[in-house]
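Student: Mind having a look at this structure? Questions to follow.
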Amino acid sequence: MKTRAIISLLAVWMLASCTGGYSFTGASIPPGAKTISVATFPNFAPTVNPQLSKMLTEELTMMFSSQTSLDVMSTEGGDLHVEGEIVGYDTRAAALSSNDEVSMNRLTVTIKVRFTNNIDPEANFEQQFSRYRDYAASLDFSAVENSLLDEIVTELCEDIFNKAVVNW
């Protein structure tokens, strides 16, 4: 019984004293990285949703803040840095009904991301990410746009987060 208590205390002490970069979210932060900067994603898509840039930047900032121990800085200067731009925002027909009428539409958002790891430059990347959501063509796009965007933005931010610090 006493041995079990000592082993438990040692295990807790070892976990508490670890200075490595692992978090329980699966993020693998390089040792020495203390900050991340997230720049505002400007919107260069041919069709512009005025809220999308702010939504994307805030969600990404919140994700790094809540799922890592990194201090989040705005614009630039972090040990890790994320920047990019929105390059696509469009809605198109996605499916036809049996009488050749559009039954489903698809909203697609595409972003270009540059990730800089000033601690480990081999982890740097530049990549496009794209996500979409289908919705019934009978629905008014303006009535469903915000809920579709909420889902798309969350998935895009998860893609960036995973690529940057989960090493998938």
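Residues in the structure tokens are named by chain (A, B, ... in the order shown) and by number from 1 within that chain; ligands are numbered from 1 in the order shown.
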For stretch 130-157 of chain A against stretch 106-120 of chain A, with a cut-off of 10 Å and counting only C-alpha atoms, what is the closest atom pair and its distance in Å to one decimal for every residue that makes the cut, ordered by chain and number, as JSON lines?
Tutor:
```
{"residue": "A:Ser130", "atom": "CA", "partner": "A:Thr110", "partner_atom": "CA", "distance": 4.2}
{"residue": "A:Arg131", "atom": "CA", "partner": "A:Val109", "partner_atom": "CA", "distance": 5.7}
{"residue": "A:Tyr132", "atom": "CA", "partner": "A:Thr108", "partner_atom": "CA", "distance": 4.2}
{"residue": "A:Arg133", "atom": "CA", "partner": "A:Leu107", "partner_atom": "CA", "distance": 5.4}
{"residue": "A:Asp134", "atom": "CA", "partner": "A:Arg106", "partner_atom": "CA", "distance": 4.2}
{"residue": "A:Tyr135", "atom": "CA", "partner": "A:Arg106", "partner_atom": "CA", "distance": 6.3}
{"residue": "A:Ala136", "atom": "CA", "partner": "A:Arg106", "partner_atom": "CA", "distance": 8.8}
{"residue": "A:Ala137", "atom": "CA", "partner": "A:Arg106", "partner_atom": "CA", "distance": 9.0}
{"residue": "A:Phe141", "atom": "CA", "partner": "A:Leu107", "partner_atom": "CA", "distance": 9.2}
{"residue": "A:Glu145", "atom": "CA", "partner": "A:Leu107", "partner_atom": "CA", "distance": 8.3}
{"residue": "A:Leu148", "atom": "CA", "partner": "A:Leu107", "partner_atom": "CA", "distance": 7.7}
{"residue": "A:Leu149", "atom": "CA", "partner": "A:Leu107", "partner_atom": "CA", "distance": 8.5}
{"residue": "A:Ile152", "atom": "CA", "partner": "A:Val109", "partner_atom": "CA", "distance": 7.4}
{"residue": "A:Val153", "atom": "CA", "partner": "A:Val109", "partner_atom": "CA", "distance": 8.4}
{"residue": "A:Leu156", "atom": "CA", "partner": "A:Ile111", "partner_atom": "CA", "distance": 8.2}
```
Student: Can you tell me, as an mmCIF file with C-alpha atoms, in the first residue's frame, what residues are no more than 10 Å from A:Val38 when counting only C-alpha atoms, ignoring any on the same chain fewer than 3 positions away?
Tutor:
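Saved the output as result15.cif:
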```cif
data_model
loop_
_atom_site.group_PDB
_atom_site.id
_atom_site.type_symbol
_atom_site.label_atom_id
_atom_site.label_comp_id
_atom_site.auth_asym_id
_atom_site.auth_seq_id
_atom_site.Cartn_x
_atom_site.Cartn_y
_atom_site.Cartn_z
ATOM 1 C CA PHE A 41 -6.597 36.366 -42.719
ATOM 2 C CA THR A 57 -8.880 34.535 -37.254
ATOM 3 C CA GLU A 58 -10.777 34.498 -33.943
ATOM 4 C CA LEU A 60 -7.930 29.901 -34.890
ATOM 5 C CA THR A 61 -6.666 32.145 -32.092
ATOM 6 C CA PHE A 64 -4.439 27.666 -30.050
ATOM 7 C CA VAL A 72 -1.224 33.884 -28.353
ATOM 8 C CA MET A 73 0.004 37.139 -29.869
ATOM 9 C CA SER A 74 -1.676 39.121 -32.611
ATOM 10 C CA THR A 75 -0.100 39.764 -36.020
ATOM 11 C CA GLU A 76 3.478 38.379 -35.868
ATOM 12 C CA GLY A 77 6.549 37.743 -33.762
ATOM 13 C CA GLY A 78 5.635 34.433 -32.115
ATOM 14 C CA LEU A 80 5.230 29.864 -34.109
ATOM 15 C CA HIS A 81 3.353 31.982 -36.632
ATOM 16 C CA VAL A 82 0.215 31.384 -38.709
ATOM 17 C CA GLU A 83 -0.817 33.628 -41.568
ATOM 18 C CA GLY A 84 -2.699 33.301 -44.802
ATOM 19 C CA PHE A 115 2.929 28.267 -40.926
#
```
Student: Where does DSSP see helix (DSSP H, G or I) in stretch 19-149 of chain A, if you list the residues as a PyMOL selection string?
Tutor: chain A and resi 52-67+121-123+141-149
Student: How would the residues just picked look written out with N, CA, C and O atoms as a compact mmCIF listing (two decimals), in the first residue's frame?
Tutor:
```txt
# COMPACT_ATOMS: atom_id res chain seq x y z
N LEU A 52 -16.21 36.66 -42.57
CA LEU A 52 -15.40 35.44 -42.63
C LEU A 52 -13.98 35.64 -42.12
O LEU A 52 -13.46 34.81 -41.36
N SER A 53 -13.33 36.72 -42.48
CA SER A 53 -11.95 36.97 -42.05
C SER A 53 -11.87 37.02 -40.52
O SER A 53 -11.01 36.37 -39.91
N LYS A 54 -12.76 37.75 -39.91
CA LYS A 54 -12.78 37.86 -38.45
C LYS A 54 -13.10 36.52 -37.80
O LYS A 54 -12.45 36.11 -36.83
N MET A 55 -14.09 35.80 -38.34
CA MET A 55 -14.48 34.50 -37.79
C MET A 55 -13.30 33.53 -37.80
O MET A 55 -13.02 32.86 -36.80
N LEU A 56 -12.63 33.45 -38.92
CA LEU A 56 -11.52 32.52 -39.10
C LEU A 56 -10.37 32.86 -38.15
O LEU A 56 -9.84 31.98 -37.45
N THR A 57 -9.99 34.11 -38.10
CA THR A 57 -8.88 34.54 -37.25
C THR A 57 -9.20 34.31 -35.78
O THR A 57 -8.36 33.81 -35.02
N GLU A 58 -10.40 34.67 -35.35
CA GLU A 58 -10.78 34.50 -33.94
C GLU A 58 -10.87 33.04 -33.55
O GLU A 58 -10.42 32.64 -32.47
N GLU A 59 -11.43 32.20 -34.41
CA GLU A 59 -11.55 30.77 -34.10
C GLU A 59 -10.17 30.12 -34.00
O GLU A 59 -9.91 29.33 -33.10
N LEU A 60 -9.28 30.47 -34.91
CA LEU A 60 -7.93 29.90 -34.89
C LEU A 60 -7.17 30.36 -33.64
O LEU A 60 -6.51 29.55 -32.97
N THR A 61 -7.30 31.61 -33.30
CA THR A 61 -6.67 32.14 -32.09
C THR A 61 -7.20 31.44 -30.85
O THR A 61 -6.43 31.01 -29.97
N MET A 62 -8.51 31.28 -30.78
CA MET A 62 -9.14 30.61 -29.64
C MET A 62 -8.69 29.15 -29.54
O MET A 62 -8.42 28.63 -28.46
N MET A 63 -8.55 28.49 -30.68
CA MET A 63 -8.15 27.08 -30.69
C MET A 63 -6.74 26.91 -30.12
O MET A 63 -6.49 26.05 -29.28
N PHE A 64 -5.80 27.76 -30.56
CA PHE A 64 -4.44 27.67 -30.05
C PHE A 64 -4.38 28.06 -28.58
O PHE A 64 -3.64 27.48 -27.80
N SER A 65 -5.18 29.03 -28.20
CA SER A 65 -5.20 29.49 -26.81
C SER A 65 -5.76 28.42 -25.87
O SER A 65 -5.22 28.19 -24.79
N SER A 66 -6.82 27.77 -26.28
CA SER A 66 -7.49 26.81 -25.39
C SER A 66 -6.89 25.41 -25.43
O SER A 66 -7.04 24.66 -24.46
N GLN A 67 -6.19 25.05 -26.50
CA GLN A 67 -5.70 23.68 -26.63
C GLN A 67 -4.19 23.54 -26.51
O GLN A 67 -3.66 22.43 -26.66
N PRO A 121 12.46 25.00 -38.11
CA PRO A 121 12.06 25.41 -39.46
C PRO A 121 11.65 24.26 -40.39
O PRO A 121 10.94 24.49 -41.37
N GLU A 122 12.04 23.03 -40.07
CA GLU A 122 11.62 21.90 -40.90
C GLU A 122 10.12 21.65 -40.80
O GLU A 122 9.54 20.97 -41.64
N ALA A 123 9.47 22.21 -39.78
CA ALA A 123 8.03 22.04 -39.59
C ALA A 123 7.23 23.12 -40.34
O ALA A 123 6.00 23.08 -40.33
N PHE A 141 -30.12 31.01 -49.17
CA PHE A 141 -28.72 30.96 -48.77
C PHE A 141 -28.43 31.89 -47.59
O PHE A 141 -27.74 31.51 -46.65
N SER A 142 -28.97 33.08 -47.62
CA SER A 142 -28.70 34.03 -46.53
C SER A 142 -29.25 33.53 -45.19
O SER A 142 -28.74 33.91 -44.14
N ALA A 143 -30.23 32.66 -45.22
CA ALA A 143 -30.80 32.12 -43.97
C ALA A 143 -29.92 31.02 -43.37
O ALA A 143 -29.95 30.80 -42.16
N VAL A 144 -29.14 30.33 -44.19
CA VAL A 144 -28.31 29.22 -43.69
C VAL A 144 -26.82 29.52 -43.72
O VAL A 144 -26.02 28.76 -43.17
N GLU A 145 -26.44 30.62 -44.30
CA GLU A 145 -25.02 30.94 -44.50
C GLU A 145 -24.22 30.95 -43.20
O GLU A 145 -23.15 30.34 -43.12
N ASN A 146 -24.70 31.61 -42.17
CA ASN A 146 -23.94 31.71 -40.92
C ASN A 146 -23.73 30.35 -40.25
O ASN A 146 -22.64 30.06 -39.75
N SER A 147 -24.75 29.50 -40.24
CA SER A 147 -24.56 28.19 -39.61
C SER A 147 -23.62 27.32 -40.44
O SER A 147 -22.81 26.56 -39.88
N LEU A 148 -23.68 27.43 -41.76
CA LEU A 148 -22.74 26.69 -42.61
C LEU A 148 -21.32 27.17 -42.36
O LEU A 148 -20.39 26.36 -42.23
N LEU A 149 -21.16 28.49 -42.27
CA LEU A 149 -19.83 29.05 -42.05
C LEU A 149 -19.25 28.65 -40.69
O LEU A 149 -18.05 28.39 -40.59
```
Student: Could you pull out the residues in stretch 9-150 of chain A that DSSP calls strand (DSSP E or B) from the backbone, as a PyMOL selection string?
Tutor: chain A and resi 22+28+35-38+43+71-74+80-96+102-117+125-136
Student: Could you work out how far atom CA of A:Lys34 lies from atom CA of A:Ser69, giving the answer in Å with one decimal?
Tutor: 7.6 Å
